[in-house]
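Chemist: This is the content of my_file.txt (compact mmCIF, C-alpha atoms):
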```txt
# COMPACT_ATOMS: atom_id res chain seq x y z
CA MET T 1 0.00 0.00 0.00
CA SER T 2 1.47 3.39 -0.87
CA LEU T 3 0.82 6.86 0.43
CA LYS T 4 -0.41 8.74 -2.65
CA PHE T 5 0.64 12.25 -1.72
CA CYS T 6 3.79 11.50 0.25
CA SER T 7 7.14 12.19 -1.36
CA LEU T 8 8.58 9.45 0.89
CA CYS T 9 6.14 6.68 -0.13
CA ASP T 10 8.91 4.55 -1.66
CA ARG T 11 10.31 4.25 1.90
CA ASN T 12 6.92 3.56 3.52
CA ILE T 13 7.23 0.49 5.74
CA GLY T 14 3.50 0.00 6.24
CA ASN T 15 1.96 -0.07 9.67
CA PRO T 16 4.65 -0.01 12.39
CA ILE T 17 2.25 0.09 15.33
CA SER T 18 3.41 -2.06 18.23
CA ILE T 19 0.39 -3.73 19.81
CA ASP T 20 -0.67 -7.19 20.88
CA LYS T 21 -4.46 -6.96 20.92
CA SER T 22 -7.33 -5.21 19.22
CA LYS T 23 -8.42 -2.79 21.97
CA ILE T 24 -6.01 -0.92 24.17
CA ASP T 25 -6.08 1.48 27.11
CA LEU T 26 -3.40 3.89 25.87
CA LEU T 27 -2.17 4.83 22.41
CA VAL T 28 1.21 6.58 22.48
CA VAL T 29 1.82 8.64 19.35
CA GLY T 30 5.27 9.93 18.44
CA GLY T 31 6.45 12.07 15.56
CA THR T 32 8.55 9.96 13.22
CA LEU T 33 10.49 6.74 13.27
CA SER T 34 14.19 6.85 14.04
CA ASN T 35 16.54 5.02 11.66
CA ASP T 36 16.66 2.08 14.11
CA GLU T 37 12.88 1.96 14.37
CA GLU T 38 12.51 2.12 10.62
CA MET T 39 14.87 -0.85 10.27
CA VAL T 40 12.91 -3.04 12.72
CA GLY T 41 9.55 -1.70 11.53
CA ARG T 42 8.26 -0.81 14.99
CA ALA T 43 7.73 2.48 16.78
CA PHE T 44 9.37 3.42 20.10
CA GLU T 45 12.27 0.95 19.80
CA SER T 46 15.04 3.58 20.05
CA ARG T 47 16.81 4.66 23.27
CA SER T 48 14.26 7.42 23.84
CA GLY T 49 11.43 5.01 22.99
CA ALA T 50 12.81 2.51 25.50
CA LEU T 51 12.68 5.22 28.19
CA ILE T 52 9.04 6.00 27.31
CA ARG T 53 8.15 2.28 27.44
CA LYS T 54 9.89 1.93 30.81
CA LEU T 55 8.03 4.91 32.29
CA ILE T 56 4.70 3.65 30.95
CA PHE T 57 5.11 0.15 32.36
CA GLU T 58 6.44 1.45 35.69
CA SER T 59 3.28 3.59 35.93
CA GLY T 60 0.99 0.56 36.00
CA PHE T 61 0.18 -0.23 32.39
CA LYS T 62 0.75 -3.84 31.35
CA ASN T 63 2.07 -5.20 28.09
CA GLY T 64 -0.85 -5.45 25.66
CA GLU T 65 -2.68 -2.47 27.17
CA VAL T 66 -0.56 0.06 25.27
CA GLY T 67 -0.01 0.70 21.58
CA PHE T 68 2.85 2.72 20.12
CA THR T 69 2.65 4.40 16.73
CA PRO T 70 4.28 7.25 14.78
CA VAL T 71 2.52 10.10 13.01
CA VAL T 72 4.70 9.60 9.93
CA ARG T 73 5.15 6.05 8.64
CA CYS T 74 8.62 6.37 7.21
CA GLY T 75 11.70 7.71 8.89
CA THR T 76 12.47 11.33 8.32
CA MET T 77 13.74 13.70 10.94
CA LYS T 78 11.91 16.77 9.59
CA PRO T 79 8.70 15.73 7.83
CA LYS T 80 6.82 18.32 5.81
CA ARG T 81 3.24 19.17 6.81
CA SER T 82 2.05 17.57 3.54
CA GLU T 83 3.80 14.31 4.50
CA ILE T 84 2.26 14.41 7.97
CA ARG T 85 -1.20 14.98 6.46
CA ALA T 86 -0.62 12.11 4.01
CA CYS T 87 -0.16 9.72 6.95
CA LEU T 88 -3.11 11.05 8.93
CA TRP T 89 -5.46 8.37 7.60
CA TRP T 90 -3.21 5.68 9.15
CA LEU T 91 -3.52 7.31 12.55
CA ILE T 92 -7.28 7.78 12.26
CA SER T 93 -7.67 4.13 11.21
CA GLU T 94 -5.65 2.97 14.21
CA ILE T 95 -7.64 5.11 16.64
CA ASN T 96 -10.93 3.85 15.21
CA GLU T 97 -9.82 0.22 15.29
CA LEU T 98 -8.10 0.24 18.69
CA GLN T 99 -10.55 2.54 20.50
CA PRO T 100 -8.00 3.62 23.13
CA LYS T 101 -9.24 5.11 26.36
CA ALA T 102 -6.50 7.75 26.21
CA ILE T 103 -3.94 9.09 23.76
CA LEU T 104 -0.51 10.42 24.74
CA ALA T 105 0.84 12.64 21.94
CA LEU T 106 4.60 13.12 22.25
CA GLY T 107 6.14 16.07 20.42
CA LEU T 108 5.02 18.81 18.06
CA ASP T 109 3.88 16.67 15.12
CA ALA T 110 1.94 14.22 17.28
CA ALA T 111 0.29 17.04 19.24
CA TYR T 112 -0.72 18.77 16.03
CA GLN T 113 -2.28 15.63 14.54
CA CYS T 114 -3.89 14.22 17.69
CA ALA T 115 -5.13 17.39 19.34
CA ARG T 116 -5.01 19.95 16.55
CA ALA T 117 -2.87 22.00 18.89
CA LYS T 118 -0.65 24.41 16.98
CA ASP T 119 0.74 26.38 19.91
CA PHE T 120 0.90 24.02 22.83
CA SER T 121 3.98 25.27 24.63
CA GLU T 122 1.81 26.19 27.61
CA ARG T 123 -0.42 23.12 27.33
CA PHE T 124 2.09 20.36 28.11
CA GLY T 125 0.48 17.77 30.34
CA GLU T 126 -2.97 19.16 29.73
CA ARG T 127 -5.91 16.94 28.84
CA ILE T 128 -7.53 18.02 25.59
CA ASP T 129 -11.04 16.84 24.81
CA ASN T 130 -11.71 18.52 21.47
CA MET T 131 -10.97 15.56 19.18
CA GLY T 132 -13.87 13.20 19.87
CA PRO T 133 -14.50 10.69 22.63
CA THR T 134 -10.84 9.93 23.36
CA PRO T 135 -8.98 12.48 25.48
CA VAL T 136 -5.48 13.47 24.36
CA TRP T 137 -2.59 14.47 26.63
CA ILE T 138 0.28 16.30 24.94
CA TRP T 139 3.86 16.11 26.14
CA HIS T 140 7.45 16.59 25.05
CA ALA T 141 9.05 14.51 22.31
CA PRO T 142 10.80 11.31 23.48
CA ASN T 143 14.27 12.66 22.56
CA LYS T 144 13.67 15.78 24.64
CA ILE T 145 12.65 13.63 27.62
CA LEU T 146 15.73 11.42 27.19
CA LYS T 147 18.07 14.42 27.00
CA GLY T 148 16.17 16.41 29.63
CA SER T 149 16.69 16.73 33.34
CA ARG T 150 15.76 14.18 35.97
CA ALA T 151 12.85 16.49 36.85
CA MET T 152 11.50 16.18 33.29
CA VAL T 153 11.64 12.38 33.54
CA GLU T 154 9.82 12.54 36.90
CA ASP T 155 7.21 14.92 35.44
CA THR T 156 6.71 12.49 32.56
CA LYS T 157 6.23 9.62 34.99
CA THR T 158 3.70 11.67 36.99
CA LEU T 159 1.75 12.51 33.83
CA ILE T 160 1.67 8.86 32.74
CA LYS T 161 0.52 7.76 36.21
CA GLY T 162 -2.36 10.25 35.92
CA ILE T 163 -3.29 8.83 32.52
CA TYR T 164 -3.13 5.31 34.00
CA GLU T 165 -5.51 6.35 36.78
CA PHE T 166 -7.87 7.82 34.18
CA ALA T 167 -7.76 4.63 32.06
CA SER T 168 -8.30 2.47 35.16
CA GLN T 169 -11.36 4.50 36.18
CA THR T 170 -12.70 4.34 32.64
CA GLU T 171 -12.26 0.56 32.70
CA ARG T 172 -14.19 0.28 35.95
CA MET T 173 -16.98 2.46 34.54
CA ASP T 174 -17.10 0.27 31.41
CA LYS T 175 -17.43 -2.87 33.53
CA LYS T 176 -20.10 -1.24 35.70
CA THR T 177 -22.06 -0.19 32.62
CA GLU T 178 -21.72 -3.70 31.19
CA THR T 179 -22.96 -5.22 34.46
CA VAL T 180 -25.95 -2.84 34.59
CA SER T 181 -26.80 -3.73 30.98
CA ARG T 182 -26.65 -7.46 31.76
CA ARG T 183 -28.90 -6.96 34.78
CA LYS T 184 -31.46 -5.07 32.70
CA SER T 185 -31.49 -7.82 30.08
CA ILE T 186 -32.10 -10.46 32.79
CA LEU T 187 -35.04 -8.50 34.21
```
Output the file's structure as structure tokens, nothing else.

Modeler:
Amino acid sequence: MSLKFCSLCDRNIGNPISIDKSKIDLLVVGGTLSNDEEMVGRAFESRSGALIRKLIFESGFKNGEVGFTPVVRCGTMKPKRSEIRACLWWLISEINELQPKAILALGLDAAYQCARAKDFSERFGERIDNMGPTPVWIWHAPNKILKGSRAMVEDTKTLIKGIYEFASQTERMDKKTETVSRRKSIL
């Protein structure tokens, strides 16, 4: 499958999302694939991606509850807006299929696509509810977190723990709703 309007479509590796099941609690969206990630065909496999994975799993999420995907499907450090828009349908398809309870958008390109936030320098860590039923939290790019201070890593961990608490509460509400529906059908 090629990306019609993308000047990088000859390098398109397909769908590098890293998930193990059809519905997830958290979808983590990054900007582009690093060279290493492009070679293995999976997002968040670089050093900075490994840090993000570690923080996510230390915060309570389990393997299989989290999906990782890039905004742009082929590695390029500085994608053009037209290339980002050309890959938007991949991201929308993944969100529709996976139905995550929360989205964590890491970096400028991910924040722009997931939350339509152009100027989000003062909105880091903020929950944005303007893109449909799934709330989006925007945060710094993985490389910035890796190269940042210990305080930035701790702030990232705190944000992810808050998202975990949100996803856990949403799960309990889903189960409660399901139980109420079953009870009504029995009556």

Chemist: Quick one: what's the axis-aligned box for region 87-106 of chain T, all listed atoms, 5 Å on every side, centre and edges in Å to one decimal, as lines of an AutoDock Vina configuration file?

Modeler:
```
center_x = -3.2
center_y = 6.7
center_z = 16.7
size_x = 25.5
size_y = 22.9
size_z = 29.4
```

Chemist: May I have the residues within 10 Å of region 54-69 of chain T as an MDAnalysis selection string, using all atoms listed in the file and disregarding those fewer than 5 positions away in the same chain?

Modeler: chainID T and resid 15:33 42:45 48:49 90:91 94 98 100 102:105 110 153:154 156:165 167:168

Chemist: Rank nothing, just name the residue among T:Glu122, T:Glu37, T:Asp109, T:Glu97 nearest to Val71 (chain T), using all atoms listed in the file.

Modeler: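 Ranking T:Glu122, T:Glu37, T:Asp109, T:Glu97 by distance to Val71 (chain T), first place goes to T:Asp109.
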
Chemist: Can you pull out every residue within 12 Å of Gly132 (chain T), counting all atoms listed in the file, but drop anything in the same chain fewer than 4 positions away, and send it as a list in words?

Modeler: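 Residues meeting the cut-off are Ile92, Ile95, Asn96, Gln99, Pro100, Lys101, Ala102, Ile103, Cys114, Ala115, Arg116, Ile128 and Val136 of chain T.
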
Chemist: Tell me, in Å to one decimal, how far CA of Met152 (chain T) is from CA of Val72 (chain T).

Modeler: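 Answer for the CA of Met152 (chain T) to CA of Val72 (chain T) separation: 25.2 Å.
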
Chemist: Just want the 8 Å neighbourhood of Phe124 (chain T), counted on only C-alpha atoms, with same-chain residues fewer than 5 positions away dropped. Output as a list in words.

Modeler: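 Result of the neighbour search: Trp137, Ile138, Trp139 and His140 of chain T.
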
Chemist: Between T:Arg47, T:Phe166, T:Val40, T:Tyr112, which one has atoms that come closest to Lys147 (chain T), using all atoms listed in the file?

Modeler: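 Counting all atoms listed in the file, the residue closest to Lys147 (chain T) is T:Arg47.
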
Chemist: Find the distance between CA of Leu108 (chain T) and CA of Ser82 (chain T) and write it in Å to one decimal.

Modeler: 14.9 Å

Chemist: How far is it from CA of Arg53 (chain T) to CA of Ala86 (chain T), in Å with one decimal?

Modeler: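 Straight-line distance from CA of Arg53 (chain T) to CA of Ala86 (chain T) works out to 26.9 Å.
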
Chemist: Looking at only C-alpha atoms, which of T:Asn143, T:Glu38, T:Asp129, T:Leu88 is the one that sits closest to Ala50 (chain T)?

Modeler: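 Among T:Asn143, T:Glu38, T:Asp129, T:Leu88, it is T:Asn143 that comes nearest to Ala50 (chain T).
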
Chemist: So, with only C-alpha atoms as the atoms that count, which of T:Ile52, T:Ser34, T:Gly41, T:Arg73 lies closest to Pro142 (chain T)?

Modeler: T:Ile52
